[in-house]
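**Student:** Sharing a structure below in structure tokens format, with a few things to ask.
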Amino acid sequence: MTAVLAGLIIALGLVGIVSLVLPGLIVVLAGVAVWAIPRGDAVGWWVLAVASALVIVGTVAKYLLPGRKLKDAGVPGRTLMAGAGLGVVGFFVVPVIGLFLGFVLGVWLAELARLPDRGQAWTSAKAALRAVGFSMLIELAAGLLATAAWIVGMFVG
């Protein structure tokens with residue numbers, strides 16, 4: 001029964017990573033913990049430790065690696081903050097899809113205000129969007145690896 005509950009929580013976390021509605025990696029790790037802690041054996045604790053390490057590495061990587069790409073492209077952090085702000089507003093104006101639309105619009109408008117040319121602003125905005133997409137892929141990979149550790153643990157234990 002705990003394996004089914006853990007699987008549902010993990011699946012919810014993976015959906016949260018893609019939809020940006022939930023803190024996906026934390027939810028995935030919570031699902032692994034729901035399965036591992038009640039077991040109280042070495043397999044459960046090892047799986048939880050491996051999943052925790054993957055979540056930590058994934059979380060650090062999702063901020064460091066795309067951030068480096070943004071610096072190389074010359075995109076300032078305030079551009080992403082503008083995108084995030086308009087994304088939140090968009091989420092409430094047009095539920096779920098408004099988050100993505102608002103983010104793109106916010107990034108483009110921030111870059112348009114910063115750069116004199118629309119073409120340069122769009123090029124810079126595309127670099128920011130690629131970095132955010134790369135960040136999501138890193139987070140999804142970490143979530144899938146933590147899920148794989150859980151699945152292996154279920155078969156081993």
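Letters for chains follow the order of the structure tokens (A, B, ...), residue numbers begin at 1 for each chain, and ligand numbers begin at 1 in the order shown.
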Which residues come within 10 Å of Met154 in chain A, counting only C-alpha atoms, excluding same-chain residues fewer than 5 positions away, as a list in words?

**Tutor:**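 Once the nearby chain positions are removed, what remains is Ala3, Trp35, Ala36, Val43, Gly44, Val47, Ala148 and Ala149 of chain A.
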
**Student:** Would you kindly return, as an mmCIF file with N, CA and C atoms, in the first residue's frame, each protein, DNA or RNA residue with an atom no farther than 7 Å from any atom of range 79-87 of chain A, considering only C-alpha atoms and excluding same-chain residues fewer than 3 positions away?

**Tutor:**
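selection21.cif written:
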data_model
loop_
_atom_site.group_PDB
_atom_site.id
_atom_site.type_symbol
_atom_site.label_atom_id
_atom_site.label_comp_id
_atom_site.auth_asym_id
_atom_site.auth_seq_id
_atom_site.Cartn_x
_atom_site.Cartn_y
_atom_site.Cartn_z
ATOM 1 N N VAL A 75 22.236 38.080 -20.585
ATOM 2 C CA VAL A 75 20.878 38.305 -20.079
ATOM 3 C C VAL A 75 20.952 38.530 -18.568
ATOM 4 N N PRO A 76 20.496 39.691 -18.099
ATOM 5 C CA PRO A 76 20.546 39.964 -16.656
ATOM 6 C C PRO A 76 19.455 39.223 -15.880
ATOM 7 N N GLY A 90 -0.009 36.135 -15.349
ATOM 8 C CA GLY A 90 -0.630 35.378 -16.429
ATOM 9 C C GLY A 90 -1.311 34.117 -15.945
ATOM 10 N N PHE A 91 -0.725 33.481 -14.926
ATOM 11 C CA PHE A 91 -1.310 32.257 -14.376
ATOM 12 C C PHE A 91 -2.720 32.507 -13.853
ATOM 13 N N GLY A 98 -1.342 30.572 -18.946
ATOM 14 C CA GLY A 98 -0.949 31.965 -18.754
ATOM 15 C C GLY A 98 0.418 32.106 -18.106
ATOM 16 N N LEU A 99 0.822 31.099 -17.332
ATOM 17 C CA LEU A 99 2.153 31.111 -16.723
ATOM 18 C C LEU A 99 3.219 31.166 -17.801
ATOM 19 N N PHE A 100 3.095 30.314 -18.809
ATOM 20 C CA PHE A 100 4.070 30.289 -19.895
ATOM 21 C C PHE A 100 3.983 31.541 -20.757
ATOM 22 N N LEU A 101 2.754 31.929 -21.109
ATOM 23 C CA LEU A 101 2.579 33.121 -21.934
ATOM 24 C C LEU A 101 3.092 34.373 -21.228
ATOM 25 N N GLY A 102 2.750 34.511 -19.959
ATOM 26 C CA GLY A 102 3.209 35.673 -19.193
ATOM 27 C C GLY A 102 4.724 35.700 -19.049
ATOM 28 N N PHE A 103 5.317 34.533 -18.854
ATOM 29 C CA PHE A 103 6.774 34.482 -18.722
ATOM 30 C C PHE A 103 7.443 34.940 -20.015
ATOM 31 N N VAL A 104 7.004 34.414 -21.139
ATOM 32 C CA VAL A 104 7.597 34.793 -22.428
ATOM 33 C C VAL A 104 7.413 36.285 -22.675
ATOM 34 N N LEU A 105 6.213 36.775 -22.435
ATOM 35 C CA LEU A 105 5.943 38.199 -22.639
ATOM 36 C C LEU A 105 6.795 39.059 -21.696
ATOM 37 N N GLY A 106 6.884 38.663 -20.443
ATOM 38 C CA GLY A 106 7.685 39.431 -19.482
ATOM 39 C C GLY A 106 9.156 39.474 -19.842
ATOM 40 N N VAL A 107 9.705 38.350 -20.267
ATOM 41 C CA VAL A 107 11.117 38.311 -20.670
ATOM 42 C C VAL A 107 11.335 39.193 -21.885
ATOM 43 N N ALA A 110 11.039 42.922 -20.957
ATOM 44 C CA ALA A 110 12.201 43.373 -20.187
ATOM 45 C C ALA A 110 13.411 43.562 -21.094
ATOM 46 N N GLU A 111 13.584 42.645 -22.029
ATOM 47 C CA GLU A 111 14.709 42.775 -22.958
ATOM 48 C C GLU A 111 14.479 43.906 -23.955
#

**Student:** Rounded to one decimal place, report the CA of Lys69 in chain A-CA of Val132 in chain A distance in Å.

**Tutor:** 10.1 Å

**Student:** For the atom pair CA of Val50 in chain A and CA of Ala146 in chain A, what is the interatomic distance in Å to one decimal place?

**Tutor:**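 These atoms are spaced 7.3 Å apart.
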